[in-house]
Amino acid sequence: MSIGPLQIIAGATAQKVSAVASAATPLPDAGDGADAKLVLVVSDGSCYIDFGPSGVTAAAATSIQLPPDYPMVFNVSGCTHFAVIDLDASAKVNVSPLENQ
């Protein structure tokens, strides 16, 4: 799948189900073992997401709110993990690394 000049790296998507408590999940790599610089994030329910080091946590007061079924692209350079927390119960969040075509 392409998004303008960007292409999703096949087979590298990470999925996390949101919960009441936040937990860090590793970001998928860029397919060649390198850290992803851009990711496409889509959630099937409302939740909050944050990016950062291995200890990152998501919180309603400080994290980015993801609306349901609305793809968003984030620059995650320097980040290794993401964390999500519920707004709606058990939202599935897919994080896919992107590359330039």
# chains A, B, ... in the order shown; residues from 1 in each chain; ligands from 1
>>> residues_around(residues="Pro71 (chain A)", least_positions_apart="5", cutoff="8 Å", atoms="only C-alpha atoms", output="PyMOL selection string")
chain A and resi 40-43
>>> residues_around(residues="region 23-38 of chain A", least_positions_apart="5", cutoff="9 Å", atoms="only C-alpha atoms", output="PyMOL selection string")
chain A and resi 9-14+16+18+51-58+73-85+95-99
>>> residues_around(residues="Val20 (chain A)", least_positions_apart="5", cutoff="9 Å", atoms="only C-alpha atoms", output="number ranges by chain")
A: 85-87, 89-90
>>> select_by_dssp(residues="chain A", states="strand (DSSP E)", output="ChimeraX atom specification")
/A:2-3,6-8,14-17,23-26,38-43,47-52,64-66,72-75,81-86,92-100
>>> write_last_selection(atoms="C-alpha atoms", output="CSV table (one decimal), in the first residue's frame")
chain,number,residue,atom,x,y,z
A,2,SER,CA,1.3,3.5,-0.9
A,3,ILE,CA,0.6,6.8,0.8
A,6,LEU,CA,5.6,6.5,1.0
A,7,GLN,CA,5.2,2.7,1.0
A,8,ILE,CA,4.3,0.5,3.9
A,14,ALA,CA,3.1,-4.2,15.2
A,15,GLN,CA,-0.3,-4.5,16.8
A,16,LYS,CA,-1.2,-3.5,20.3
A,17,VAL,CA,-4.6,-3.7,22.1
A,23,ALA,CA,2.8,-0.7,28.5
A,24,ALA,CA,5.7,0.0,26.2
A,25,THR,CA,5.8,-2.1,22.9
A,26,PRO,CA,8.8,-2.1,20.5
A,38,LEU,CA,8.1,7.2,9.9
A,39,VAL,CA,5.2,5.1,10.9
A,40,LEU,CA,1.5,4.8,9.9
A,41,VAL,CA,-0.8,4.4,12.9
A,42,VAL,CA,-4.4,3.3,12.6
A,43,SER,CA,-6.7,2.4,15.5
A,47,CYS,CA,-7.2,5.7,22.5
A,48,TYR,CA,-4.0,7.6,23.3
A,49,ILE,CA,-0.6,6.9,22.0
A,50,ASP,CA,2.9,8.1,22.8
A,51,PHE,CA,6.4,7.3,21.4
A,52,GLY,CA,9.7,7.2,23.2
A,64,ILE,CA,-1.8,12.0,21.3
A,65,GLN,CA,-5.4,11.0,21.0
A,66,LEU,CA,-6.1,8.7,18.1
A,72,MET,CA,-2.0,9.2,10.9
A,73,VAL,CA,1.7,9.3,10.0
A,74,PHE,CA,4.2,10.1,12.8
A,75,ASN,CA,8.0,10.9,12.7
A,81,HIS,CA,8.9,2.0,21.6
A,82,PHE,CA,5.2,3.1,21.7
A,83,ALA,CA,2.6,2.9,24.3
A,84,VAL,CA,-1.2,3.1,24.2
A,85,ILE,CA,-4.0,3.5,26.8
A,86,ASP,CA,-7.8,3.2,26.5
A,92,LYS,CA,-6.6,-2.4,18.3
A,93,VAL,CA,-3.7,-0.1,17.2
A,94,ASN,CA,-1.6,-1.0,14.2
A,95,VAL,CA,1.8,0.6,13.8
A,96,SER,CA,3.4,0.1,10.3
A,97,PRO,CA,6.9,1.4,9.3
A,98,LEU,CA,7.0,3.5,6.1
A,99,GLU,CA,9.8,3.9,3.5
A,100,ASN,CA,10.3,6.3,0.6
